[in-house]
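Participant: Pasting final02.txt here (compact mmCIF, C-alpha atoms):
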# COMPACT_ATOMS: atom_id res chain seq x y z
CA MET A 1200 -55.43 -30.23 -72.37
CA THR A 1201 -52.02 -29.12 -73.53
CA MET A 1202 -48.78 -30.99 -73.14
CA GLY A 1203 -47.55 -28.48 -70.53
CA VAL A 1204 -50.60 -29.02 -68.32
CA LEU A 1205 -50.21 -32.79 -68.61
CA ALA A 1206 -46.53 -32.56 -67.62
CA PHE A 1207 -47.49 -30.33 -64.69
CA GLY A 1208 -50.07 -32.95 -63.57
CA LEU A 1209 -47.53 -35.79 -63.83
CA PHE A 1210 -45.08 -33.69 -61.80
CA ALA A 1211 -47.80 -33.34 -59.16
CA VAL A 1212 -48.44 -37.09 -59.06
CA GLY A 1213 -44.69 -37.65 -58.61
CA PHE A 1214 -44.70 -35.23 -55.66
CA ILE A 1215 -47.64 -37.03 -54.06
CA ALA A 1216 -46.10 -40.48 -54.52
CA THR A 1217 -42.71 -39.37 -53.17
CA GLY A 1218 -44.33 -37.63 -50.22
CA ALA A 1219 -46.38 -40.69 -49.36
CA ALA A 1220 -43.29 -42.93 -49.52
CA VAL A 1221 -41.28 -40.57 -47.29
CA ALA A 1222 -44.14 -40.42 -44.76
CA VAL A 1223 -44.39 -44.23 -44.69
CA VAL A 1224 -40.64 -44.55 -44.02
CA GLY A 1225 -41.00 -42.05 -41.17
CA ALA A 1226 -43.91 -44.02 -39.69
CA VAL A 1227 -41.89 -47.24 -39.89
CA MET A 1228 -39.02 -45.55 -38.02
CA LEU A 1229 -41.40 -44.39 -35.30
CA ARG A 1230 -43.02 -47.82 -34.94
CA ARG A 1231 -39.64 -49.49 -34.68
CA ASN A 1232 -38.79 -47.26 -31.70
CA ALA A 1233 -42.18 -47.79 -30.07
CA ARG A 1234 -41.69 -51.54 -29.54
CA LEU A 1235 -42.93 -52.93 -26.27
CA PRO A 1236 -41.69 -52.80 -23.61
CA THR A 1237 -40.87 -49.13 -23.87
CA SER A 1238 -39.09 -49.02 -20.55
CA ARG A 1239 -35.45 -49.91 -20.24
CA VAL A 1240 -33.84 -51.12 -17.05
CA PRO A 1241 -31.08 -49.00 -15.49
CA VAL A 1242 -27.92 -51.05 -14.90
CA GLU A 1243 -24.60 -49.98 -13.40
CA ALA A 1244 -21.71 -50.39 -15.84
CA VAL A 1245 -17.94 -49.96 -15.55
CA VAL A 1246 -16.08 -47.77 -18.05
CA VAL A 1247 -13.27 -49.72 -19.72
CA HIS A 1248 -12.11 -47.12 -22.24
CA ARG A 1249 -13.13 -43.63 -23.36
CA THR A 1250 -11.95 -41.68 -26.39
CA SER A 1251 -12.26 -37.92 -26.35
CA HIS A 1252 -9.46 -36.93 -28.71
CA VAL A 1253 -11.27 -38.16 -31.83
CA ARG A 1254 -14.68 -37.24 -33.16
CA PRO A 1255 -17.12 -38.66 -32.43
CA SER A 1256 -16.22 -39.43 -28.83
CA SER A 1257 -17.01 -42.95 -27.65
CA VAL A 1258 -17.10 -44.92 -24.44
CA THR A 1259 -16.50 -48.66 -23.99
CA PHE A 1260 -18.05 -50.25 -20.92
CA ASP A 1261 -18.83 -53.61 -19.32
CA TYR A 1262 -22.29 -54.22 -17.86
CA PRO A 1263 -23.88 -57.17 -16.08
CA VAL A 1264 -26.43 -59.40 -17.78
CA PRO A 1265 -27.95 -62.69 -16.66
CA GLY A 1266 -25.16 -65.24 -16.94
CA GLY A 1267 -22.19 -62.86 -17.04
CA TRP A 1268 -21.00 -59.55 -18.41
CA LEU A 1269 -21.20 -57.92 -21.84
CA ARG A 1270 -18.94 -55.26 -23.34
CA ALA A 1271 -20.34 -52.49 -25.49
CA ARG A 1272 -18.97 -49.43 -27.25
CA ARG A 1273 -21.28 -46.48 -27.83
CA VAL A 1274 -20.81 -43.05 -29.36
CA GLU A 1275 -21.42 -40.21 -26.93
CA GLY A 1276 -23.67 -37.34 -27.92
CA LEU A 1277 -22.84 -35.52 -24.71
CA PRO A 1278 -20.01 -36.69 -22.46
CA VAL A 1279 -21.04 -39.50 -20.13
CA THR A 1280 -20.78 -38.48 -16.49
CA ASN A 1281 -20.41 -40.52 -13.32
CA GLY A 1282 -22.43 -40.09 -10.11
CA GLN A 1283 -20.40 -37.06 -9.00
CA GLY A 1284 -21.00 -35.21 -12.28
CA ARG A 1285 -17.45 -35.62 -13.61
CA VAL A 1286 -16.79 -36.91 -17.10
CA ALA A 1287 -16.50 -40.68 -16.76
CA GLN A 1288 -12.99 -42.08 -17.05
CA GLN A 1289 -11.63 -45.63 -17.05
CA GLY A 1290 -12.82 -47.53 -13.95
CA ASP A 1291 -15.73 -45.19 -13.17
CA ARG A 1292 -19.23 -46.54 -12.72
CA ILE A 1293 -21.98 -45.18 -14.97
CA THR A 1294 -25.65 -45.98 -15.46
CA VAL A 1295 -26.68 -47.51 -18.79
CA TRP A 1296 -30.15 -48.53 -19.96
CA VAL A 1297 -30.74 -52.12 -21.10
CA ASP A 1298 -33.71 -53.59 -22.96
CA PRO A 1299 -34.84 -56.59 -20.84
CA ARG A 1300 -35.87 -58.55 -23.95
CA ASP A 1301 -32.52 -58.00 -25.66
CA PRO A 1302 -29.60 -57.48 -23.24
CA ALA A 1303 -27.30 -56.53 -26.13
CA ALA A 1304 -29.51 -53.48 -26.83
CA VAL A 1305 -27.97 -50.97 -24.45
CA ARG A 1306 -28.12 -47.18 -24.45
CA LEU A 1307 -26.19 -44.52 -22.63
CA SER A 1308 -29.38 -42.58 -21.86
CA SER A 1309 -32.98 -43.53 -21.15
CA GLY A 1310 -34.32 -41.02 -23.67
CA ALA A 1311 -35.63 -41.73 -27.12
CA SER A 1312 -33.17 -42.39 -29.90
CA ALA A 1313 -32.36 -39.96 -32.68
CA SER A 1314 -34.37 -42.01 -35.15
CA SER A 1315 -37.55 -41.06 -33.25
CA MET A 1316 -36.99 -37.45 -34.19
CA GLY A 1317 -35.98 -38.53 -37.67
CA GLY A 1318 -39.27 -40.39 -38.05
CA VAL A 1319 -41.27 -37.33 -37.04
CA LEU A 1320 -39.29 -35.14 -39.45
CA LEU A 1321 -39.77 -37.61 -42.31
CA ILE A 1322 -43.53 -37.73 -41.70
CA LEU A 1323 -43.72 -33.93 -41.71
CA MET A 1324 -41.60 -33.73 -44.86
CA GLY A 1325 -43.79 -36.36 -46.55
CA LEU A 1326 -46.95 -34.46 -45.66
CA LEU A 1327 -45.39 -31.28 -47.02
CA LEU A 1328 -44.61 -33.04 -50.32
CA VAL A 1329 -48.14 -34.46 -50.53
CA GLY A 1330 -49.55 -30.98 -49.88
CA ALA A 1331 -47.33 -29.49 -52.60
CA GLY A 1332 -48.42 -32.26 -54.96
CA LEU A 1333 -52.09 -31.55 -54.26
CA TRP A 1334 -51.45 -27.88 -54.93
CA PHE A 1335 -49.83 -28.78 -58.26
CA VAL A 1336 -52.86 -30.94 -59.13
CA THR A 1337 -55.17 -28.06 -58.36
CA VAL A 1338 -53.11 -25.67 -60.50
CA SER A 1339 -52.97 -28.13 -63.40
CA LEU A 1340 -56.78 -28.58 -63.25
CA VAL A 1341 -57.31 -24.82 -63.27
CA LEU A 1342 -54.88 -24.37 -66.16
CA GLY A 1343 -56.49 -27.24 -68.04
CA ARG A 1344 -59.85 -25.47 -68.25
Here is a file; write its structure as C-alpha cells.
Facilitator:
Amino acid sequence: MTMGVLAFGLFAVGFIATGAAVAVVGAVMLRRNARLPTSRVPVEAVVVHRTSHVRPSSVTFDYPVPGGWLRARRVEGLPVTNGQGRVAQQGDRITVWVDPRDPAAVRLSSGASASSMGGVLLILMGLLLVGAGLWFVTVSLVLGR
C-alpha cells in the first residue's frame, strides 16, 4: 500500500465521519420540531406595530394567554394579512398559533418551521457525504491491490 492510497483512504474516512455528523445534526433538528403536542392552538392577536420599510419585515402583536396578555415580535416571511386579506396594520386582528405547553412559543403560521426543511437538507447532505466517502474507500481498496 502506497502513501497516496493511504491518504486517499484517510480522506474517505474523513468524508464518512463528517457526513455522519451532519446527518445527526439534521436528525436532531427534525426531532426538536417534532415535539409533542404537534398541534398549536389558533389565537386572535392584535397588531401593535409593523415594519415594512426595513428588511426583514416584522410584526409586533399582543395575544391573550391564561392570566393576561403577552407581546411578541416576529419576522414575516410573507406579509401577515388580516381576515379581509389586506396586509395587517396597527390595530388589526390576526390569527397566531400558540404552543399550549409554552405560551411564549408563538408563530405567525401553523406550518412547520424553516428548521424542519433544514433538518431534511442536512440529513440528505450527510448521506451524500457518507456515500462519497464509501466510494473513496472502494477506490482506495481497488488502487491498493
Participant: Which residues are near Val1240 in chain A? Cut-off 9 Å, all atoms listed in the file, ignore same chain within fewer than 6 positions. Put them as a VMD selection string.
Facilitator: chain A and resid 1295 to 1299 1309
Participant: Using CA of Val1341 in chain A and CA of Ala1211 in chain A as the two end points, give the distance in Å to one decimal.
Facilitator: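 Result for CA of Val1341 in chain A versus CA of Ala1211 in chain A: 13.4 Å, one decimal.
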Participant: Using all atoms listed in the file, determine which residues lie at most 12 Å from Ser1257 in chain A, disregarding the query and same-chain residues fewer than 5 positions distant; provide the list as a VMD selection string.
Facilitator: chain A and resid 1246 to 1252 1271 to 1279 1287 to 1288 1307
Participant: Quick one, how far is CA of Val1224 in chain A from CA of Leu1327 in chain A?
Facilitator: 14.4 Å
Participant: Using only C-alpha atoms, which residue out of A:Leu1342, A:Leu1333, A:Ala1219, A:Met1316 lies closest to Met1202 in chain A?
Facilitator: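 When distances to Met1202 in chain A are compared using only C-alpha atoms, the smallest one comes from A:Leu1342.
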Participant: Which residues come within 8 Å of Phe1207 in chain A, counting only C-alpha atoms, excluding same-chain residues fewer than 2 positions away, as an MDAnalysis selection string?
Facilitator: chainID A and resid 1203:1205 1209:1211 1335:1336 1339
Participant: Write out as a PDB file with C-alpha atoms, in the frame of the given file the residues lying within 9 Å of Tyr1262 in chain A, counting all atoms listed in the file and excluding same-chain residues fewer than 6 positions away.
Facilitator:
ATOM      1  CA  VAL A1242     -27.920 -51.050 -14.900  1.00  0.00           C
ATOM      2  CA  GLU A1243     -24.600 -49.980 -13.400  1.00  0.00           C
ATOM      3  CA  ALA A1244     -21.710 -50.390 -15.840  1.00  0.00           C
ATOM      4  CA  VAL A1245     -17.940 -49.960 -15.550  1.00  0.00           C
ATOM      5  CA  VAL A1246     -16.080 -47.770 -18.050  1.00  0.00           C
ATOM      6  CA  TRP A1268     -21.000 -59.550 -18.410  1.00  0.00           C
ATOM      7  CA  LEU A1269     -21.200 -57.920 -21.840  1.00  0.00           C
ATOM      8  CA  ARG A1270     -18.940 -55.260 -23.340  1.00  0.00           C
ATOM      9  CA  ALA A1271     -20.340 -52.490 -25.490  1.00  0.00           C
ATOM     10  CA  VAL A1295     -26.680 -47.510 -18.790  1.00  0.00           C
TER      11      VAL A1295
END
Participant: Enter the distance from CA of Ser1256 in chain A to CA of Arg1230 in chain A, in Å, rounded to one decimal.
Facilitator: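 Atom-to-atom, CA of Ser1256 in chain A to CA of Arg1230 in chain A, that is 28.7 Å.
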Participant: Go through A:Val1253, A:Ala1226, A:Ala1220, A:Val1212 and flag the residue nearest Gly1332 in chain A, using all atoms listed in the file for the distances.
Facilitator: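 That would be A:Val1212, the residue with the smallest distance to Gly1332 in chain A.
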Participant: Hey, what's within 7 Å of Val1221 in chain A if we count all atoms listed in the file and toss same-chain stuff fewer than 2 positions away? As a PyMOL selection string, please?
Facilitator: chain A and resi 1217-1219+1223-1225+1321-1322+1325
Participant: In terms of the shortest atom-to-atom distance over all atoms listed in the file, which of A:Phe1260, A:Ile1293, A:Gly1284, A:Ala1331 is closest to Ser1308 in chain A?
Facilitator: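 Among A:Phe1260, A:Ile1293, A:Gly1284, A:Ala1331, it is A:Ile1293 that comes nearest to Ser1308 in chain A.
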Participant: Go through A:Val1258, A:Gly1318, A:Phe1214, A:Thr1201 and flag the residue nearest Gly1330 in chain A, using only C-alpha atoms for the distances.
Facilitator: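 The closest residue to Gly1330 in chain A is A:Phe1214.
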